[in-house]
Each structure stands twice: as structure tokens, then as C-alpha cells.
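Containing CSV, C-alpha atoms: work-v4.csv.
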chain,number,residue,atom,x,y,z
A,23,MET,CA,-69.9,-71.3,34.1
A,24,LYS,CA,-72.6,-73.7,35.1
A,25,ILE,CA,-75.7,-74.4,33.0
A,26,GLY,CA,-78.6,-76.4,34.5
A,27,VAL,CA,-80.6,-78.8,32.5
A,28,VAL,CA,-84.0,-79.7,33.9
A,29,THR,CA,-85.3,-83.3,33.9
A,30,PHE,CA,-89.1,-83.7,34.0
A,31,PRO,CA,-90.8,-87.1,34.0
A,32,GLY,CA,-90.9,-87.9,30.3
A,33,SER,CA,-87.9,-85.7,29.3
A,34,LEU,CA,-85.8,-87.5,26.7
A,35,ASP,CA,-83.4,-84.9,25.4
A,36,ASP,CA,-82.0,-83.8,28.7
A,37,GLY,CA,-78.8,-86.0,28.2
A,38,ASP,CA,-78.3,-84.5,24.8
A,39,ALA,CA,-78.6,-81.0,26.2
A,40,ARG,CA,-76.1,-81.7,28.9
A,41,ARG,CA,-73.7,-83.0,26.3
A,42,ALA,CA,-74.1,-79.9,24.2
A,43,VAL,CA,-73.4,-77.7,27.3
A,44,ARG,CA,-70.2,-79.6,27.9
A,45,ILE,CA,-69.1,-79.4,24.3
A,46,ALA,CA,-69.7,-75.7,24.4
A,47,GLY,CA,-67.3,-75.5,27.4
A,48,ALA,CA,-69.6,-75.2,30.4
A,49,GLU,CA,-70.3,-77.4,33.4
A,50,ALA,CA,-73.6,-79.2,32.9
A,51,VAL,CA,-75.7,-79.4,36.1
A,52,ALA,CA,-78.7,-81.8,36.3
A,53,LEU,CA,-81.8,-80.2,37.8
A,54,TRP,CA,-84.7,-82.3,39.0
A,55,HIS,CA,-88.3,-81.2,38.4
A,56,ALA,CA,-89.3,-81.7,42.0
A,57,ASP,CA,-86.3,-79.8,43.5
A,58,PRO,CA,-86.7,-76.0,43.6
A,59,ASP,CA,-83.0,-75.5,44.2
A,60,LEU,CA,-81.2,-74.3,41.1
A,61,HIS,CA,-77.8,-75.1,42.6
A,62,GLY,CA,-76.2,-71.8,41.7
A,63,VAL,CA,-76.4,-72.3,37.9
A,64,ASP,CA,-75.7,-69.4,35.6
A,65,ALA,CA,-78.3,-70.4,33.0
A,66,VAL,CA,-81.0,-73.1,32.5
A,67,VAL,CA,-82.1,-75.3,29.6
A,68,LEU,CA,-85.6,-76.8,29.5
A,69,PRO,CA,-85.1,-79.8,27.2
A,70,GLY,CA,-87.3,-81.6,24.7
A,71,GLY,CA,-89.4,-84.6,25.3
A,72,PHE,CA,-92.9,-85.3,26.7
A,73,SER,CA,-93.0,-83.9,30.2
A,74,TYR,CA,-95.5,-85.8,32.3
A,75,GLY,CA,-96.4,-87.7,29.1
A,76,ASP,CA,-98.2,-84.7,27.6
A,77,TYR,CA,-101.3,-86.1,29.5
A,78,LEU,CA,-103.0,-82.7,29.9
A,79,ARG,CA,-101.5,-80.4,27.3
A,80,CYS,CA,-97.9,-80.2,26.3
A,81,GLY,CA,-96.0,-78.4,29.0
A,82,ALA,CA,-99.1,-77.6,31.1
A,83,ILE,CA,-98.3,-79.9,34.0
A,84,ALA,CA,-94.5,-79.2,33.9
A,85,ARG,CA,-95.3,-75.5,34.3
A,86,PHE,CA,-96.3,-76.3,37.9
A,87,ALA,CA,-93.2,-78.3,38.9
A,88,PRO,CA,-91.4,-76.9,41.9
A,89,VAL,CA,-88.3,-76.1,39.9
A,90,MET,CA,-90.3,-73.9,37.6
A,91,THR,CA,-91.3,-71.6,40.4
A,92,SER,CA,-87.5,-70.9,41.0
A,93,ILE,CA,-86.8,-70.6,37.3
A,94,ILE,CA,-89.7,-68.1,36.7
A,95,ASP,CA,-88.4,-65.9,39.6
A,96,ALA,CA,-84.8,-66.2,38.5
A,97,ALA,CA,-85.6,-65.3,34.9
A,98,LYS,CA,-87.3,-62.1,36.1
A,99,GLY,CA,-83.9,-61.2,37.5
A,100,GLY,CA,-82.1,-61.9,34.2
A,101,LEU,CA,-81.3,-65.6,34.4
A,102,PRO,CA,-80.8,-66.9,30.8
A,103,VAL,CA,-83.4,-69.7,30.0
A,104,LEU,CA,-83.6,-71.7,26.8
A,105,GLY,CA,-86.6,-73.8,26.1
A,106,ILE,CA,-86.2,-76.4,23.4
A,107,CYS,CA,-89.3,-78.1,21.8
A,108,ASN,CA,-91.2,-79.3,24.9
A,109,GLY,CA,-89.2,-76.7,26.8
A,110,PHE,CA,-90.6,-74.0,24.5
A,111,GLN,CA,-94.1,-75.4,25.3
A,112,VAL,CA,-93.4,-75.1,29.0
A,113,LEU,CA,-92.2,-71.5,28.6
A,114,CYS,CA,-95.5,-70.6,26.9
A,115,GLU,CA,-97.6,-72.4,29.5
A,116,ALA,CA,-95.7,-70.6,32.2
A,117,HIS,CA,-96.4,-67.3,30.5
A,118,MET,CA,-92.7,-66.6,30.2
A,119,LEU,CA,-93.3,-66.3,26.5
A,120,PRO,CA,-96.5,-65.4,24.7
A,121,GLY,CA,-98.6,-67.6,22.5
A,122,ALA,CA,-98.9,-71.4,22.5
A,123,LEU,CA,-97.7,-74.5,20.6
A,124,ALA,CA,-100.6,-76.4,18.9
A,125,ARG,CA,-100.9,-79.7,17.0
A,126,ASN,CA,-99.1,-79.6,13.7
A,127,GLY,CA,-101.4,-78.3,11.0
A,128,HIS,CA,-101.1,-81.5,8.9
A,129,LEU,CA,-101.6,-83.7,12.1
A,130,HIS,CA,-98.4,-85.7,11.5
A,131,PHE,CA,-95.2,-85.9,13.5
A,132,ARG,CA,-92.3,-84.3,11.7
A,133,ASN,CA,-88.7,-85.5,12.2
A,134,ARG,CA,-86.1,-84.1,9.7
A,135,ASP,CA,-83.3,-81.7,9.3
A,136,GLN,CA,-84.7,-78.2,9.0
A,137,GLY,CA,-83.5,-74.9,7.6
A,138,LEU,CA,-83.8,-71.8,9.7
A,139,ARG,CA,-83.1,-68.1,9.2
A,140,LEU,CA,-82.0,-66.1,12.2
A,141,GLU,CA,-84.1,-63.0,12.3
A,142,SER,CA,-82.9,-61.5,15.6
A,143,VAL,CA,-79.6,-62.1,17.3
A,144,ASP,CA,-79.8,-59.7,20.3
A,145,SER,CA,-80.8,-62.4,22.8
A,146,ARG,CA,-78.5,-64.0,25.3
A,147,TRP,CA,-78.7,-67.3,23.3
A,148,THR,CA,-78.0,-65.9,19.8
A,149,SER,CA,-75.3,-63.3,20.0
A,150,GLU,CA,-72.8,-65.6,18.1
A,151,PHE,CA,-75.0,-65.5,15.0
A,152,VAL,CA,-75.6,-62.7,12.5
A,153,THR,CA,-78.9,-61.4,11.4
A,154,GLY,CA,-80.1,-63.3,8.3
A,155,GLN,CA,-77.8,-66.2,8.9
A,156,GLU,CA,-79.2,-69.5,7.7
A,157,ILE,CA,-78.6,-72.7,9.7
A,158,VAL,CA,-79.7,-76.4,9.6
A,159,ILE,CA,-80.7,-78.2,12.8
A,160,PRO,CA,-83.1,-81.1,13.4
A,161,VAL,CA,-86.8,-80.6,14.1
A,162,LYS,CA,-89.0,-83.4,15.6
A,163,ASN,CA,-92.4,-82.5,16.9
A,164,GLY,CA,-96.1,-83.4,16.7
A,165,GLU,CA,-97.3,-80.2,18.5
A,166,GLY,CA,-94.9,-77.6,17.2
A,167,ARG,CA,-97.2,-75.1,15.5
A,168,TYR,CA,-96.7,-71.7,17.0
A,169,VAL,CA,-99.9,-69.8,17.3
A,170,ALA,CA,-100.8,-66.4,18.8
A,171,ASP,CA,-103.4,-63.7,18.2
A,172,THR,CA,-102.6,-61.1,15.5
A,173,ARG,CA,-101.9,-58.4,18.0
A,174,THR,CA,-99.2,-60.6,19.7
A,175,LEU,CA,-97.7,-61.6,16.4
A,176,ASP,CA,-97.5,-58.0,15.3
A,177,ALA,CA,-95.8,-57.0,18.6
A,178,LEU,CA,-93.2,-59.8,18.2
A,179,GLU,CA,-92.4,-58.6,14.7
A,180,ALA,CA,-92.3,-54.9,15.7
A,181,GLU,CA,-90.1,-55.5,18.7
A,182,GLY,CA,-87.7,-57.8,17.0
A,183,ARG,CA,-88.6,-60.7,19.2
A,184,VAL,CA,-88.9,-63.3,16.4
A,185,VAL,CA,-85.6,-65.1,16.8
A,186,ALA,CA,-85.8,-67.6,13.9
A,187,ARG,CA,-88.1,-68.6,11.1
A,188,TYR,CA,-88.4,-71.8,9.1
A,189,ILE,CA,-87.1,-71.6,5.5
A,190,GLY,CA,-88.2,-74.0,2.8
A,191,GLU,CA,-91.2,-76.0,3.8
A,192,ASN,CA,-92.8,-75.0,7.1
A,193,PRO,CA,-92.8,-78.4,9.0
A,194,ASN,CA,-95.8,-77.7,11.3
A,195,GLY,CA,-97.8,-74.8,10.1
A,196,SER,CA,-96.4,-72.3,12.6
A,197,LEU,CA,-97.9,-68.8,12.0
A,198,ARG,CA,-95.6,-66.5,10.0
A,199,ASP,CA,-93.1,-69.5,9.9
A,200,ILE,CA,-92.0,-68.7,13.4
A,201,ALA,CA,-89.6,-71.3,14.8
A,202,ALA,CA,-88.2,-69.3,17.8
A,203,ILE,CA,-89.1,-66.3,19.9
A,204,ARG,CA,-87.7,-64.4,22.9
A,205,ASN,CA,-89.0,-62.3,25.7
A,206,GLU,CA,-88.6,-58.5,25.9
A,207,ALA,CA,-85.4,-58.7,28.0
A,208,GLY,CA,-83.8,-61.2,25.6
A,209,ASN,CA,-82.8,-63.7,28.4
A,210,VAL,CA,-85.6,-66.2,27.7
A,211,VAL,CA,-85.7,-67.9,24.3
A,212,GLY,CA,-88.0,-70.7,23.1
A,213,ILE,CA,-87.1,-72.7,20.0
A,214,MET,CA,-89.0,-75.6,18.5
A,215,PRO,CA,-86.1,-77.3,16.5
A,216,HIS,CA,-83.3,-78.9,18.4
A,217,PRO,CA,-79.9,-77.1,18.5
A,218,GLU,CA,-78.6,-79.7,21.0
A,219,HIS,CA,-78.7,-82.3,18.1
A,220,ALA,CA,-76.4,-80.2,15.9
A,221,VAL,CA,-73.2,-79.7,17.9
A,222,GLU,CA,-71.0,-82.5,16.5
A,223,GLU,CA,-70.0,-83.4,13.0
A,224,LEU,CA,-70.4,-87.1,13.7
A,225,THR,CA,-74.0,-87.1,14.8
A,226,GLY,CA,-75.6,-83.9,13.5
A,227,PRO,CA,-76.5,-82.5,10.1
A,228,SER,CA,-74.3,-79.6,11.0
A,229,MET,CA,-72.7,-77.9,14.0
A,230,ASP,CA,-75.0,-74.9,13.7
A,231,GLY,CA,-76.7,-75.6,17.0
A,232,LEU,CA,-73.5,-75.0,19.0
A,233,GLY,CA,-73.9,-71.3,18.6
A,234,PHE,CA,-76.8,-71.1,20.9
A,235,PHE,CA,-74.8,-72.6,23.8
A,236,THR,CA,-71.6,-70.6,23.1
A,237,SER,CA,-73.7,-67.4,22.8
A,238,VAL,CA,-74.9,-67.7,26.3
A,239,LEU,CA,-71.5,-68.5,27.6
A,240,LYS,CA,-70.1,-65.4,25.9
A,241,SER,CA,-72.9,-63.3,27.3
A,242,MET,CA,-72.3,-64.6,30.8
A,243,ALA,CA,-68.6,-64.0,30.6
A,244,GLY,CA,-69.2,-60.5,29.5
A,245,ALA,CA,-71.6,-59.9,32.4
A,246,ALA,CA,-69.0,-61.2,34.8
A,247,ALA,CA,-66.2,-59.1,33.5

As a first step, turn the structure in this file into C-alpha cells.
Amino acid sequence: MKIGVVTFPGSLDDGDARRAVRIAGAEAVALWHADPDLHGVDAVVLPGGFSYGDYLRCGAIARFAPVMTSIIDAAKGGLPVLGICNGFQVLCEAHMLPGALARNGHLHFRNRDQGLRLESVDSRWTSEFVTGQEIVIPVKNGEGRYVADTRTLDALEAEGRVVARYIGENPNGSLRDIAAIRNEAGNVVGIMPHPEHAVEELTGPSMDGLGFFTSVLKSMAGAAA
């Protein structure tokens, strides 16, 4: 199985994401923002960082990268896509997920280990977890506050599309403590904390993040069987 990891100008967690993919047991394929060719990958990760320096609005310029045109089309056909932090912002800017990520409510950058509770596990990226499971993975963002209108928030709740919520202190003021959401089909997930930084005992606060990557591998294996 091959999982592509996109590098935009300003990406800084692309290497970590590729390492997480390899630890999970897949082949990591580097995808370049200016190249629309997805090189036959079975899934895609949009990593964290500061794509295009966040010069306009987080993710707003990256949304128009040539590779995103291919990813948007492929996702409509069921390609699994995981957007982490800046990748979550890109997914929202590309209208692959609803809502937006705004400046943290307290106006400070937050970098710490964060507790999450899995609310929905029926996505391609979360099937290895159980509903209600609590995990700890790092969060590091300055514009990680998830916002949406009440109608959208109510729909996400009613349709089981809230993937994870913050537990303990909300690090950025996200509405309804939302840390991750998915699309209707369950193949596209955006998450603000960083699962790729919690895949090894030596370097992470836990290995809880590995489940996101093994989940998609299991789902792809099942689809291929």
C-alpha cells in the first residue's frame, strides 16, 4: 500500500508524516504541490506546517496548488485523505470539509500533549479505535480554533461526523471542543492535533497516533480483498 504525503512550500511535518506511514507498514510517497500526478497512491496525507507561509490565510493558497485539483477529484471517488493541522485548514479552504480554522481564542500559540476523546470511529482513518476511547497526542497551533455556523455544527453532531473532541482544557477555543471532523463518506478526515508525532515510544507522549495510519491501511486492505 502506498500513502502519499504532500509537501507545500512551508510544510514542516511532511517528513514526520512519511515516517509515521512507514512505521504503520506502508510505502511513503512524497508528493510535490506543483505536480498534479498522485503517482498511484492509495491514500494521501496533507501534513502540518505553514503552507505558503500562511501569507493570505492558513491553507487558502495551498488550496489552489495543482496537486489539490487531483486530490479533490480523487477524494470524490473515495480516495482516503487525512489533513493534519495545516492540512485540516487546507481541507476546509478546499471545501472538502465544512467550517474553518480561526485564530486561537486566547491569541496564543499552543504546543503541548493533548487529550482527545474519539466520538466517531466509522471513518477510513479511525476504524482501529473504539467510540469513547481517550488518547493523548501533541497539539501545536496558533490558528486551530474550529468554527462553523450553528446549522453546520448541528449537522456534524447529528450525522456522527465529529471524529474527536478535546478533553480537559480546550487548547484553542474550538466550538463544541471539536478537534477532528470527517466528510459524509468517511474517507476525508481533518484533525488539528498531530497523530504523526505519537507513533513511537521514544519520541511521543504515546503511540496513540499510530491508529490513524493503521486504520487506513486496514480499510484499504479490506477494500482490495

* To do: Go through A:Thr174, A:Ser145, A:Ser196, A:Asn163 and flag the residue nearest A:Val210, using all atoms listed in the file for the distances.
  =>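 Result for the nearest residue to A:Val210: A:Ser145.
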
* **Pairwise distance for atom CA of A:Lys162 and atom CA of A:Arg44, rounded to one decimal in Å** =>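 Atom CA of A:Arg44 lies 22.8 Å from atom CA of A:Lys162.
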
* **All residues 6 Å or closer to A:Phe110, all atoms listed in the file, same chain fewer than 4 positions away omitted, as a list in words** => Gly105, Ile106, Gly212 and Ile213 of chain A

* Distance of atom CA of A:Ala243 from atom CA of A:Ser149, expressed in Å to one decimal place ->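 Spanning atom CA of A:Ser149 to atom CA of A:Ala243 is a straight-line distance of 12.6 Å.
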
* Polymer residues at most 9 Å from A:Arg134, only C-alpha atoms, same-chain spacing of 3 or more positions, as a VMD selection string -> chain A and resid 159 to 162 193

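When atom CA of A:Gly244 is paired with atom CA of A:Glu206, their separation reads 19.8 Å.
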
* Rank nothing, just name the residue among A:Ile189, A:Met214, A:Ala39, A:Ala87 nearest to A:Asn108, using all atoms listed in the file. =>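 The answer is A:Met214, which sits nearest to A:Asn108.
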
* **Which of A:Asp171, A:Glu150, A:Glu218, A:Asp135 sits closest to A:Gly70 [using all atoms listed in the file]** => A:Glu218

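Using only C-alpha atoms, the shortest contact distance between A:Gly47 and any of A:Leu113, A:Val28, A:Met23, A:Ala96 is found at A:Met23.
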
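Closest approach to A:Met118 from the set A:Leu197, A:Phe235, A:Leu104, A:Phe131 is made by A:Leu104, with distances taken over all atoms listed in the file.
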
* 6 Å contact set for stretch 78-86 of chain A, all atoms listed in the file, chain neighbours under 4 positions out, as a ChimeraX atom specification -> /A:111-112,115-116

Those residues with C-alpha atoms, as a CSV table (one decimal), keeping the file's coordinate frame please?
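Wrote it out as selection_38.csv, contents follow:
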chain,number,residue,atom,x,y,z
A,111,GLN,CA,-94.1,-75.4,25.3
A,112,VAL,CA,-93.4,-75.1,29.0
A,115,GLU,CA,-97.6,-72.4,29.5
A,116,ALA,CA,-95.7,-70.6,32.2

* **For A:Asp230, the nearest of the candidates A:Glu165, A:Asp199, A:Glu49, A:Glu156, counting all atoms listed in the file** => A:Glu156

* Asked: Residues at most 12 Å from A:Ala202, counting only C-alpha atoms, excluding those fewer than 2 positions away in the same chain, as an NGL selection string?
  -> :A and (104-107 or 109-111 or 113-114 or 119-123 or 138-143 or 145 or 147-148 or 161 or 166-169 or 178-179 or 182-188 or 196-200 or 204-205 or 210-217 or 234)

Keeping only C-alpha atoms, write the selected residues as a short mmCIF file (atom, residue, chain, number, x, y, z; two decimals), keeping the file's coordinate frame.
data_model
loop_
_atom_site.label_atom_id
_atom_site.label_comp_id
_atom_site.auth_asym_id
_atom_site.auth_seq_id
_atom_site.Cartn_x
_atom_site.Cartn_y
_atom_site.Cartn_z
CA LEU A 104 -83.60 -71.70 26.80
CA GLY A 105 -86.60 -73.80 26.10
CA ILE A 106 -86.20 -76.40 23.40
CA CYS A 107 -89.30 -78.10 21.80
CA GLY A 109 -89.20 -76.70 26.80
CA PHE A 110 -90.60 -74.00 24.50
CA GLN A 111 -94.10 -75.40 25.30
CA LEU A 113 -92.20 -71.50 28.60
CA CYS A 114 -95.50 -70.60 26.90
CA LEU A 119 -93.30 -66.30 26.50
CA PRO A 120 -96.50 -65.40 24.70
CA GLY A 121 -98.60 -67.60 22.50
CA ALA A 122 -98.90 -71.40 22.50
CA LEU A 123 -97.70 -74.50 20.60
CA LEU A 138 -83.80 -71.80 9.70
CA ARG A 139 -83.10 -68.10 9.20
CA LEU A 140 -82.00 -66.10 12.20
CA GLU A 141 -84.10 -63.00 12.30
CA SER A 142 -82.90 -61.50 15.60
CA VAL A 143 -79.60 -62.10 17.30
CA SER A 145 -80.80 -62.40 22.80
CA TRP A 147 -78.70 -67.30 23.30
CA THR A 148 -78.00 -65.90 19.80
CA VAL A 161 -86.80 -80.60 14.10
CA GLY A 166 -94.90 -77.60 17.20
CA ARG A 167 -97.20 -75.10 15.50
CA TYR A 168 -96.70 -71.70 17.00
CA VAL A 169 -99.90 -69.80 17.30
CA LEU A 178 -93.20 -59.80 18.20
CA GLU A 179 -92.40 -58.60 14.70
CA GLY A 182 -87.70 -57.80 17.00
CA ARG A 183 -88.60 -60.70 19.20
CA VAL A 184 -88.90 -63.30 16.40
CA VAL A 185 -85.60 -65.10 16.80
CA ALA A 186 -85.80 -67.60 13.90
CA ARG A 187 -88.10 -68.60 11.10
CA TYR A 188 -88.40 -71.80 9.10
CA SER A 196 -96.40 -72.30 12.60
CA LEU A 197 -97.90 -68.80 12.00
CA ARG A 198 -95.60 -66.50 10.00
CA ASP A 199 -93.10 -69.50 9.90
CA ILE A 200 -92.00 -68.70 13.40
CA ARG A 204 -87.70 -64.40 22.90
CA ASN A 205 -89.00 -62.30 25.70
CA VAL A 210 -85.60 -66.20 27.70
CA VAL A 211 -85.70 -67.90 24.30
CA GLY A 212 -88.00 -70.70 23.10
CA ILE A 213 -87.10 -72.70 20.00
CA MET A 214 -89.00 -75.60 18.50
CA PRO A 215 -86.10 -77.30 16.50
CA HIS A 216 -83.30 -78.90 18.40
CA PRO A 217 -79.90 -77.10 18.50
CA PHE A 234 -76.80 -71.10 20.90
#

* To do: For A:Met242, list every protein, DNA or RNA residue within 9 Å, evaluated using only C-alpha atoms, and leave out those in the same chain fewer than 5 positions away; present the list as a list in words.
  =>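 Non-adjacent residues within range: Met23, Asp64, Ala65, Pro102, Arg146, Ser237 and Ala247 of chain A.
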
Extract stretch 164-232 of chain A from the preceding block and save C-alpha atoms as an mmCIF file, in the first residue's frame.
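Saved the output as result.cif:
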data_model
loop_
_atom_site.group_PDB
_atom_site.id
_atom_site.type_symbol
_atom_site.label_atom_id
_atom_site.label_comp_id
_atom_site.auth_asym_id
_atom_site.auth_seq_id
_atom_site.Cartn_x
_atom_site.Cartn_y
_atom_site.Cartn_z
ATOM 1 C CA GLY A 164 -1.884 29.282 16.506
ATOM 2 C CA GLU A 165 -4.976 29.101 14.298
ATOM 3 C CA GLY A 166 -6.609 25.872 15.387
ATOM 4 C CA ARG A 167 -9.998 27.090 16.589
ATOM 5 C CA TYR A 168 -12.655 25.208 14.637
ATOM 6 C CA VAL A 169 -15.612 27.419 13.782
ATOM 7 C CA ALA A 170 -18.819 26.908 11.805
ATOM 8 C CA ASP A 171 -22.369 28.196 11.866
ATOM 9 C CA THR A 172 -24.858 26.547 14.221
ATOM 10 C CA ARG A 173 -26.606 24.719 11.408
ATOM 11 C CA THR A 174 -23.343 23.103 10.275
ATOM 12 C CA LEU A 175 -22.343 22.207 13.820
ATOM 13 C CA ASP A 176 -25.737 20.614 14.465
ATOM 14 C CA ALA A 177 -25.467 18.621 11.222
ATOM 15 C CA LEU A 178 -21.987 17.353 12.135
ATOM 16 C CA GLU A 179 -23.335 16.206 15.506
ATOM 17 C CA ALA A 180 -26.481 14.597 14.093
ATOM 18 C CA GLU A 181 -24.609 12.768 11.323
ATOM 19 C CA GLY A 182 -21.843 11.464 13.591
ATOM 20 C CA ARG A 183 -19.182 13.407 11.722
ATOM 21 C CA VAL A 184 -17.400 14.806 14.791
ATOM 22 C CA VAL A 185 -14.424 12.443 14.907
ATOM 23 C CA ALA A 186 -12.738 13.700 18.095
ATOM 24 C CA ARG A 187 -13.128 16.312 20.816
ATOM 25 C CA TYR A 188 -10.655 17.897 23.159
ATOM 26 C CA ILE A 189 -10.892 16.716 26.765
ATOM 27 C CA GLY A 190 -9.558 18.678 29.679
ATOM 28 C CA GLU A 191 -8.711 22.242 28.700
ATOM 29 C CA ASN A 192 -9.701 23.244 25.180
ATOM 30 C CA PRO A 193 -6.364 24.440 23.725
ATOM 31 C CA ASN A 194 -7.725 26.891 21.169
ATOM 32 C CA GLY A 195 -11.396 27.625 21.818
ATOM 33 C CA SER A 196 -12.779 25.324 19.119
ATOM 34 C CA LEU A 197 -16.552 25.365 19.120
ATOM 35 C CA ARG A 198 -18.057 22.377 20.936
ATOM 36 C CA ASP A 199 -14.469 21.241 21.700
ATOM 37 C CA ILE A 200 -14.161 19.851 18.164
ATOM 38 C CA ALA A 201 -10.678 18.550 17.336
ATOM 39 C CA ALA A 202 -11.443 16.492 14.221
ATOM 40 C CA ILE A 203 -14.256 16.008 11.715
ATOM 41 C CA ARG A 204 -14.951 13.909 8.626
ATOM 42 C CA ASN A 205 -16.904 14.208 5.404
ATOM 43 C CA GLU A 206 -20.162 12.361 4.755
ATOM 44 C CA ALA A 207 -18.459 9.439 3.018
ATOM 45 C CA GLY A 208 -15.909 8.990 5.807
ATOM 46 C CA ASN A 209 -12.862 8.979 3.537
ATOM 47 C CA VAL A 210 -11.776 12.556 4.325
ATOM 48 C CA VAL A 211 -10.748 13.475 7.881
ATOM 49 C CA GLY A 212 -9.311 16.707 9.228
ATOM 50 C CA ILE A 213 -7.632 16.756 12.636
ATOM 51 C CA MET A 214 -5.914 19.671 14.367
ATOM 52 C CA PRO A 215 -3.631 17.705 16.786
ATOM 53 C CA HIS A 216 -0.736 15.710 15.330
ATOM 54 C CA PRO A 217 -1.076 11.897 15.291
ATOM 55 C CA GLU A 218 2.206 11.610 13.351
ATOM 56 C CA HIS A 219 4.045 12.848 16.464
ATOM 57 C CA ALA A 220 2.701 9.990 18.586
ATOM 58 C CA VAL A 221 3.808 6.830 16.791
ATOM 59 C CA GLU A 222 6.945 5.868 18.757
ATOM 60 C CA GLU A 223 7.588 5.418 22.461
ATOM 61 C CA LEU A 224 10.958 7.181 22.186
ATOM 62 C CA THR A 225 9.695 10.471 20.778
ATOM 63 C CA GLY A 226 5.972 10.771 21.506
ATOM 64 C CA PRO A 227 3.816 11.121 24.601
ATOM 65 C CA SER A 228 2.155 7.880 23.487
ATOM 66 C CA MET A 229 1.750 5.672 20.428
ATOM 67 C CA ASP A 230 -1.914 6.613 20.144
ATOM 68 C CA GLY A 231 -1.456 8.395 16.835
ATOM 69 C CA LEU A 232 -0.411 5.225 15.042
#
